[in-house]
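Reviewing the structure listed below.
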Amino acid sequence: MSAQDQIRETIQSNDVVLYMKGTKMMPQCGFSSRVAGILNFMGIDYADVNVLADADIRQGIKDFSDWPTIPQLYVKGEFVGGCDIITEMTLSGELDQLFDAKGIAYDKAKADQIREANA
């Protein structure tokens with residue numbers, strides 16, 4: 001199976017997927033750590049894919065999304081963005097709206113706590 005096929009399969013079979021450096025329990029870069037931290041704190045059930053474990057996937061996800069950086073968040077098969085975009089969406093409430101629209105369970109109170117702490 002090609003890297004593109006693996007990526008497509010992973011994104012289609014999981015509601016939320018984070019392509020990151022490291023894992024959700026042990027991120028290996030600050031940007032991946034920030035996005036994983038947001039998702040973990042909000043109680044999102046998501047698949048994490050460690051791009052450091054497979055060079056083909058690491059390059060493949062950049063080609064797949066036409067986005068040059070890691071991490072990359074996908075929700076219900078749709079590319080949402082990287083660290084800066086996810087951070088902005090979290091602080092503006094747009095990430096909550098996306099999760100609501102896509103039927104993704106999350107802890108609304110925790111999302112509010114993030115915004116309060118960064119106000």
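All residue names refer to the structure tokens as shown: chains lettered A, B, ... in order, residues numbered from 1 in each chain, ligands numbered from 1 in order.
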* To do: Would you list the contacts of Asp54 (chain A) as a PyMOL selection string, taking every protein, DNA or RNA residue within 12 Å and counting only C-alpha atoms, but skipping same-chain residues closer than 3 positions in sequence?
  => chain A and resi 2-3+6-7+19-22+49-51+57-61
* Would you mind listing what lies within 9 Å of Leu18 (chain A) as number ranges by chain, with only C-alpha atoms counted and same-chain residues fewer than 2 positions away left out? => A: 16, 20, 24, 32, 35-36, 46-50, 71-75
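Among the candidate residues A:Asp112, A:Glu9, A:Asp107, A:Glu88, the one lying nearest to Ile44 (chain A) is A:Asp107, with distances computed using only C-alpha atoms.
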* Asked: DSSP on the backbone: what in chain A comes out strand (DSSP E or B), as a PyMOL selection string?
  -> chain A and resi 16-20+22+27+47-50+72-75+78-81
* To do: Compile the contact shell of region 92-97 of chain A as a list of chain:residue names: residues with an atom at most 10 Å away, counting only C-alpha atoms, same-chain residues fewer than 6 positions apart removed.
  => A:Met42, A:Val80, A:Ile85, A:Ile86, A:Gly103, A:Ile104, A:Ala105, A:Tyr106, A:Asp107, A:Lys108, A:Ala111, A:Asp112, A:Arg115
Create the file for the chosen residues now, containing N, CA, C and O atoms and written as a short mmCIF file (atom, residue, chain, number, x, y, z; two decimals), in the first residue's frame.
data_model
loop_
_atom_site.label_atom_id
_atom_site.label_comp_id
_atom_site.auth_asym_id
_atom_site.auth_seq_id
_atom_site.Cartn_x
_atom_site.Cartn_y
_atom_site.Cartn_z
N MET A 42 -9.39 18.88 25.64
CA MET A 42 -10.80 18.96 25.30
C MET A 42 -11.47 17.58 25.27
O MET A 42 -12.67 17.49 25.04
N VAL A 80 -8.14 20.41 8.28
CA VAL A 80 -8.52 21.61 9.02
C VAL A 80 -7.37 22.61 9.06
O VAL A 80 -7.55 23.79 8.80
N ILE A 85 -3.41 27.57 12.88
CA ILE A 85 -4.84 27.59 12.56
C ILE A 85 -5.65 26.94 13.68
O ILE A 85 -6.67 27.49 14.10
N ILE A 86 -5.19 25.81 14.19
CA ILE A 86 -5.93 25.13 15.27
C ILE A 86 -5.94 25.99 16.52
O ILE A 86 -6.96 26.10 17.20
N GLY A 103 -20.37 16.53 14.56
CA GLY A 103 -20.81 15.52 15.52
C GLY A 103 -19.69 14.88 16.31
O GLY A 103 -19.77 13.72 16.70
N ILE A 104 -18.64 15.65 16.57
CA ILE A 104 -17.49 15.16 17.33
C ILE A 104 -17.69 15.54 18.80
O ILE A 104 -17.88 16.71 19.13
N ALA A 105 -17.62 14.55 19.68
CA ALA A 105 -17.79 14.79 21.12
C ALA A 105 -16.55 15.45 21.70
O ALA A 105 -15.43 15.07 21.36
N TYR A 106 -16.78 16.46 22.54
CA TYR A 106 -15.68 17.14 23.23
C TYR A 106 -16.23 17.78 24.50
O TYR A 106 -17.44 17.91 24.66
N ASP A 107 -15.33 18.17 25.37
CA ASP A 107 -15.71 18.79 26.64
C ASP A 107 -15.77 20.30 26.44
O ASP A 107 -14.75 20.98 26.39
N LYS A 108 -16.99 20.82 26.32
CA LYS A 108 -17.21 22.25 26.08
C LYS A 108 -16.62 23.10 27.21
O LYS A 108 -16.04 24.16 26.96
N ALA A 111 -12.97 23.51 26.65
CA ALA A 111 -12.73 24.46 25.56
C ALA A 111 -12.87 25.89 26.08
O ALA A 111 -12.05 26.76 25.76
N ASP A 112 -13.88 26.13 26.90
CA ASP A 112 -14.08 27.45 27.50
C ASP A 112 -12.91 27.82 28.41
O ASP A 112 -12.48 28.97 28.44
N ARG A 115 -10.04 29.19 26.43
CA ARG A 115 -10.27 30.57 26.03
C ARG A 115 -10.13 31.53 27.21
O ARG A 115 -9.52 32.60 27.07
#
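Compared by their closest atoms to Ile114 (chain A), and using only C-alpha atoms, the residues A:Arg8, A:Met89, A:Met26, A:Leu98 rank with A:Met89 nearest.
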* Do you have the CA of Asn14 (chain A)-CA of Lys102 (chain A) distance handy? -> 12.6 Å
* Asked: DSSP says alpha helix (DSSP H) for which residues of region 55-107 of chain A? Put them as a PyMOL selection string?
  -> chain A and resi 55-65+83-92+94-102
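From CA of Ser33 (chain A) back to CA of Glu116 (chain A), the distance works out to 20.0 Å.
You will find CA of Thr87 (chain A) at 14.4 Å from CA of Phe99 (chain A).
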